[in-house]
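For reference, the structure discussed in these notes is given below.
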Amino acid sequence: MKPCALLFLCLLVVCAQYVFARQAGDGLNEQQRLGRQIVAQSCGVCHLPPARNAKTYGPLLNKAAGGGDDAVVREYILDGTPRMPAFKYFLRPTEIDAIISYLKTVPVPAPAPAPR
Ligand code: HEC
């Protein structure tokens with residue numbers, strides 16, 4: 001191999017490591033990051049609090065959603081409920097997998113102190 005090709009290869013490896021190290025910052029993999037993005041775009045209006053302590057229309061989503069059962073969560077997303085739209089014609093199966101995989105990384109928040 002020519003020296004300059006070798007140098008190029010080394011540079012490539014160093015760059016790749018840098019990119020991976022940066023992405024690993026939030027501890028999420030590629031699929032989970034996609035899930036987070038979809039949740040923010042498609043589910044956030046109802047499931048993400050607009051401000052601290054504000055009430056959301058739907059329950060907060062985390063690893064306990066659907067009782068922690070993937071199949072139940074998938075059913076909610078596919079078919080919706082009377083108060084939640086169905087997403088089966090809107091999201092691809094891989095996107096739903098990504099959402100489920102992301103939700104598993106979201107911890108259950110500590111219970112809020114009882115109002116006085
Ligand atoms: C229009 C508001 C709305 C949107 C948009 C919405 N949801 Fe919901 N979701 C609800 C409501 C309300 C409930 C509570 C069930 C009920 O009352 O019918 C719920 C329940 C759920 C549950 C069950 C929660 C539990 O505690 O078991 C899951 C899982 C869920 N939604 C996921 C999603 C995902 C993922 C998306 C985006 C793809 C989404 N929802 C978008 C309103 C919404």
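Chain labels run A, B, ... following the order of the structure tokens; each chain numbers its residues from 1, and ligands are numbered from 1 in the order shown.
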Show which residues sit within 12 Å of Asp70 in chain A, as an mmCIF file with C-alpha atoms, in the first residue's frame. Count only C-alpha atoms, and ignore same-chain residues fewer than 2 positions away.
data_model
loop_
_atom_site.group_PDB
_atom_site.id
_atom_site.type_symbol
_atom_site.label_atom_id
_atom_site.label_comp_id
_atom_site.auth_asym_id
_atom_site.auth_seq_id
_atom_site.Cartn_x
_atom_site.Cartn_y
_atom_site.Cartn_z
ATOM 1 C CA ASN A 62 -41.552 5.924 29.589
ATOM 2 C CA LYS A 63 -40.438 2.337 30.057
ATOM 3 C CA ALA A 64 -43.580 1.614 32.116
ATOM 4 C CA ALA A 65 -45.951 2.525 29.234
ATOM 5 C CA GLY A 66 -48.366 -0.265 28.391
ATOM 6 C CA GLY A 67 -47.372 -1.982 31.615
ATOM 7 C CA GLY A 68 -43.867 -2.398 30.162
ATOM 8 C CA VAL A 72 -49.377 -3.482 24.319
ATOM 9 C CA VAL A 73 -47.401 -0.364 23.400
ATOM 10 C CA ARG A 74 -47.416 -1.444 19.741
ATOM 11 C CA GLU A 75 -51.186 -1.889 19.865
ATOM 12 C CA TYR A 76 -51.679 1.607 21.285
ATOM 13 C CA ILE A 77 -49.546 3.076 18.514
ATOM 14 C CA ILE A 96 -42.717 1.922 15.645
ATOM 15 C CA ASP A 97 -39.880 -0.437 16.636
ATOM 16 C CA ALA A 98 -37.692 2.641 17.088
ATOM 17 C CA ILE A 99 -40.283 4.310 19.333
ATOM 18 C CA ILE A 100 -40.600 1.200 21.516
ATOM 19 C CA SER A 101 -36.845 0.832 21.723
ATOM 20 C CA TYR A 102 -36.509 4.514 22.724
ATOM 21 C CA LEU A 103 -39.270 4.387 25.342
ATOM 22 C CA LYS A 104 -37.389 1.572 27.075
#
request  = Name the residues in contact with Tyr89 in chain A at a cut-off of 12 Å, using only C-alpha atoms, excluding same-chain residues fewer than 2 positions from it; report them as an MDAnalysis selection string.
outcome  = chainID A and resid 77:80 85:87 91:93 95:96
All heavy atoms of the current selection, written as a CSV table (one decimal), in the first residue's frame:
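What follows is the written file result05.csv:
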chain,number,residue,atom,x,y,z
A,77,ILE,N,-50.0,2.2,19.6
A,77,ILE,CA,-49.5,3.1,18.5
A,77,ILE,C,-50.3,2.7,17.2
A,77,ILE,O,-50.7,3.6,16.5
A,77,ILE,CB,-48.0,2.9,18.3
A,77,ILE,CG1,-47.3,3.3,19.6
A,77,ILE,CG2,-47.5,3.7,17.2
A,77,ILE,CD1,-45.8,3.0,19.6
A,78,LEU,N,-50.5,1.5,16.9
A,78,LEU,CA,-51.1,1.0,15.7
A,78,LEU,C,-52.6,1.5,15.7
A,78,LEU,O,-53.1,2.0,14.7
A,78,LEU,CB,-51.0,-0.5,15.5
A,78,LEU,CG,-49.7,-1.1,15.2
A,78,LEU,CD1,-49.7,-2.6,15.2
A,78,LEU,CD2,-49.2,-0.5,13.8
A,79,ASP,N,-53.3,1.2,16.7
A,79,ASP,CA,-54.8,1.3,16.7
A,79,ASP,C,-55.3,2.5,17.4
A,79,ASP,O,-56.5,2.9,17.2
A,79,ASP,CB,-55.4,0.1,17.3
A,79,ASP,CG,-55.1,-1.2,16.4
A,79,ASP,OD1,-55.0,-1.0,15.2
A,79,ASP,OD2,-55.0,-2.3,17.0
A,80,GLY,N,-54.5,3.1,18.3
A,80,GLY,CA,-54.9,4.3,19.0
A,80,GLY,C,-56.0,3.9,20.0
A,80,GLY,O,-56.2,2.7,20.3
A,85,PRO,N,-55.0,9.1,18.4
A,85,PRO,CA,-55.1,8.7,17.0
A,85,PRO,C,-54.3,7.4,16.7
A,85,PRO,O,-53.4,7.1,17.4
A,85,PRO,CB,-54.6,9.9,16.2
A,85,PRO,CG,-53.7,10.5,17.2
A,85,PRO,CD,-54.3,10.3,18.6
A,86,ALA,N,-54.8,6.6,15.8
A,86,ALA,CA,-54.0,5.4,15.3
A,86,ALA,C,-52.9,5.9,14.4
A,86,ALA,O,-53.1,6.8,13.6
A,86,ALA,CB,-55.0,4.5,14.6
A,87,PHE,N,-51.8,5.2,14.5
A,87,PHE,CA,-50.6,5.6,13.6
A,87,PHE,C,-50.3,4.6,12.6
A,87,PHE,O,-49.2,4.6,12.0
A,87,PHE,CB,-49.4,5.9,14.5
A,87,PHE,CG,-49.5,7.2,15.2
A,87,PHE,CD1,-50.1,7.3,16.4
A,87,PHE,CD2,-49.0,8.4,14.6
A,87,PHE,CE1,-50.2,8.5,17.1
A,87,PHE,CE2,-49.1,9.6,15.3
A,87,PHE,CZ,-49.7,9.7,16.5
A,91,LEU,N,-47.0,5.7,10.4
A,91,LEU,CA,-45.7,5.3,10.8
A,91,LEU,C,-45.3,3.9,10.2
A,91,LEU,O,-46.2,3.0,10.2
A,91,LEU,CB,-45.5,5.2,12.3
A,91,LEU,CG,-45.6,6.5,13.1
A,91,LEU,CD1,-45.6,6.3,14.6
A,91,LEU,CD2,-44.5,7.5,12.7
A,92,ARG,N,-44.1,3.7,9.8
A,92,ARG,CA,-43.6,2.4,9.3
A,92,ARG,C,-43.3,1.5,10.5
A,92,ARG,O,-43.0,2.0,11.6
A,92,ARG,CB,-42.4,2.6,8.4
A,92,ARG,CG,-42.7,3.1,7.0
A,92,ARG,CD,-41.4,3.1,6.2
A,92,ARG,NE,-40.5,4.2,6.6
A,92,ARG,CZ,-40.5,5.4,6.1
A,92,ARG,NH1,-41.3,5.7,5.1
A,92,ARG,NH2,-39.6,6.3,6.5
A,93,PRO,N,-43.4,0.2,10.3
A,93,PRO,CA,-43.1,-0.8,11.3
A,93,PRO,C,-41.7,-0.5,12.0
A,93,PRO,O,-41.6,-0.6,13.2
A,93,PRO,CB,-43.1,-2.1,10.7
A,93,PRO,CG,-44.1,-2.0,9.5
A,93,PRO,CD,-43.9,-0.5,9.1
A,95,GLU,N,-40.3,2.3,12.3
A,95,GLU,CA,-40.4,3.5,13.1
A,95,GLU,C,-41.1,3.2,14.4
A,95,GLU,O,-40.7,3.8,15.5
A,95,GLU,CB,-41.2,4.6,12.3
A,95,GLU,CG,-40.4,5.1,11.1
A,95,GLU,CD,-41.2,6.1,10.3
A,95,GLU,OE1,-42.4,5.9,10.1
A,95,GLU,OE2,-40.5,7.0,9.8
A,96,ILE,N,-42.1,2.3,14.4
A,96,ILE,CA,-42.7,1.9,15.6
A,96,ILE,C,-41.7,1.1,16.5
A,96,ILE,O,-41.7,1.3,17.7
A,96,ILE,CB,-44.0,1.1,15.3
A,96,ILE,CG1,-45.0,2.1,14.6
A,96,ILE,CG2,-44.6,0.5,16.6
A,96,ILE,CD1,-46.3,1.4,14.2
query = What are the DSSP alpha helix (DSSP H) residues of chain A, as a ChimeraX atom specification?
reply = /A:3-23,30-38,44-47,70-79,93-103
Selected residues written out, C-alpha atoms, as a PDB file, in the first residue's frame:
ATOM      1  CA  PRO A   3       2.175   5.623   2.240  1.00  0.00           C
ATOM      2  CA  CYS A   4      -0.399   8.273   1.410  1.00  0.00           C
ATOM      3  CA  ALA A   5      -3.178   5.698   1.156  1.00  0.00           C
ATOM      4  CA  LEU A   6      -2.151   4.424   4.567  1.00  0.00           C
ATOM      5  CA  LEU A   7      -2.230   7.921   5.976  1.00  0.00           C
ATOM      6  CA  PHE A   8      -5.695   8.430   4.529  1.00  0.00           C
ATOM      7  CA  LEU A   9      -6.896   5.229   6.165  1.00  0.00           C
ATOM      8  CA  CYS A  10      -5.547   6.292   9.536  1.00  0.00           C
ATOM      9  CA  LEU A  11      -7.284   9.636   9.239  1.00  0.00           C
ATOM     10  CA  LEU A  12     -10.541   7.890   8.408  1.00  0.00           C
ATOM     11  CA  VAL A  13     -10.288   5.678  11.483  1.00  0.00           C
ATOM     12  CA  VAL A  14      -9.567   8.640  13.741  1.00  0.00           C
ATOM     13  CA  CYS A  15     -12.517  10.588  12.317  1.00  0.00           C
ATOM     14  CA  ALA A  16     -14.885   7.643  12.683  1.00  0.00           C
ATOM     15  CA  GLN A  17     -13.891   7.246  16.323  1.00  0.00           C
ATOM     16  CA  TYR A  18     -14.529  10.912  16.930  1.00  0.00           C
ATOM     17  CA  VAL A  19     -17.988  10.725  15.376  1.00  0.00           C
ATOM     18  CA  PHE A  20     -18.929   7.620  17.355  1.00  0.00           C
ATOM     19  CA  ALA A  21     -17.686   9.117  20.600  1.00  0.00           C
ATOM     20  CA  ARG A  22     -19.845  12.195  20.046  1.00  0.00           C
ATOM     21  CA  GLN A  23     -22.946  10.171  19.241  1.00  0.00           C
ATOM     22  CA  GLU A  30     -29.185   4.838  16.165  1.00  0.00           C
ATOM     23  CA  GLN A  31     -32.614   3.197  16.486  1.00  0.00           C
ATOM     24  CA  GLN A  32     -33.369   4.784  19.847  1.00  0.00           C
ATOM     25  CA  ARG A  33     -32.364   8.200  18.571  1.00  0.00           C
ATOM     26  CA  LEU A  34     -34.789   7.812  15.664  1.00  0.00           C
ATOM     27  CA  GLY A  35     -37.480   6.827  18.166  1.00  0.00           C
ATOM     28  CA  ARG A  36     -36.820   9.906  20.261  1.00  0.00           C
ATOM     29  CA  GLN A  37     -37.166  12.086  17.174  1.00  0.00           C
ATOM     30  CA  ILE A  38     -40.486  10.498  16.155  1.00  0.00           C
ATOM     31  CA  GLY A  44     -45.088  15.201  21.858  1.00  0.00           C
ATOM     32  CA  VAL A  45     -48.242  17.325  21.551  1.00  0.00           C
ATOM     33  CA  CYS A  46     -50.033  14.926  23.871  1.00  0.00           C
ATOM     34  CA  HIS A  47     -47.312  13.054  25.686  1.00  0.00           C
ATOM     35  CA  ASP A  70     -43.949  -4.135  23.948  1.00  0.00           C
ATOM     36  CA  ALA A  71     -47.009  -5.745  22.398  1.00  0.00           C
ATOM     37  CA  VAL A  72     -49.377  -3.482  24.319  1.00  0.00           C
ATOM     38  CA  VAL A  73     -47.401  -0.364  23.400  1.00  0.00           C
ATOM     39  CA  ARG A  74     -47.416  -1.444  19.741  1.00  0.00           C
ATOM     40  CA  GLU A  75     -51.186  -1.889  19.865  1.00  0.00           C
ATOM     41  CA  TYR A  76     -51.679   1.607  21.285  1.00  0.00           C
ATOM     42  CA  ILE A  77     -49.546   3.076  18.514  1.00  0.00           C
ATOM     43  CA  LEU A  78     -51.134   1.040  15.699  1.00  0.00           C
ATOM     44  CA  ASP A  79     -54.776   1.315  16.694  1.00  0.00           C
ATOM     45  CA  PRO A  93     -43.083  -0.757  11.350  1.00  0.00           C
ATOM     46  CA  THR A  94     -39.398   0.145  11.729  1.00  0.00           C
ATOM     47  CA  GLU A  95     -40.405   3.536  13.108  1.00  0.00           C
ATOM     48  CA  ILE A  96     -42.717   1.922  15.645  1.00  0.00           C
ATOM     49  CA  ASP A  97     -39.880  -0.437  16.636  1.00  0.00           C
ATOM     50  CA  ALA A  98     -37.692   2.641  17.088  1.00  0.00           C
ATOM     51  CA  ILE A  99     -40.283   4.310  19.333  1.00  0.00           C
ATOM     52  CA  ILE A 100     -40.600   1.200  21.516  1.00  0.00           C
ATOM     53  CA  SER A 101     -36.845   0.832  21.723  1.00  0.00           C
ATOM     54  CA  TYR A 102     -36.509   4.514  22.724  1.00  0.00           C
ATOM     55  CA  LEU A 103     -39.270   4.387  25.342  1.00  0.00           C
TER      56      LEU A 103
END
query = Which residue, A:Leu28, A:Ala112, A:Val106, A:Leu60, has the smallest gap to ligand 1 when you use only C-alpha atoms and all ligand atoms?
reply =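 Using only C-alpha atoms and all ligand atoms, ligand 1 sits closest to A:Leu60.
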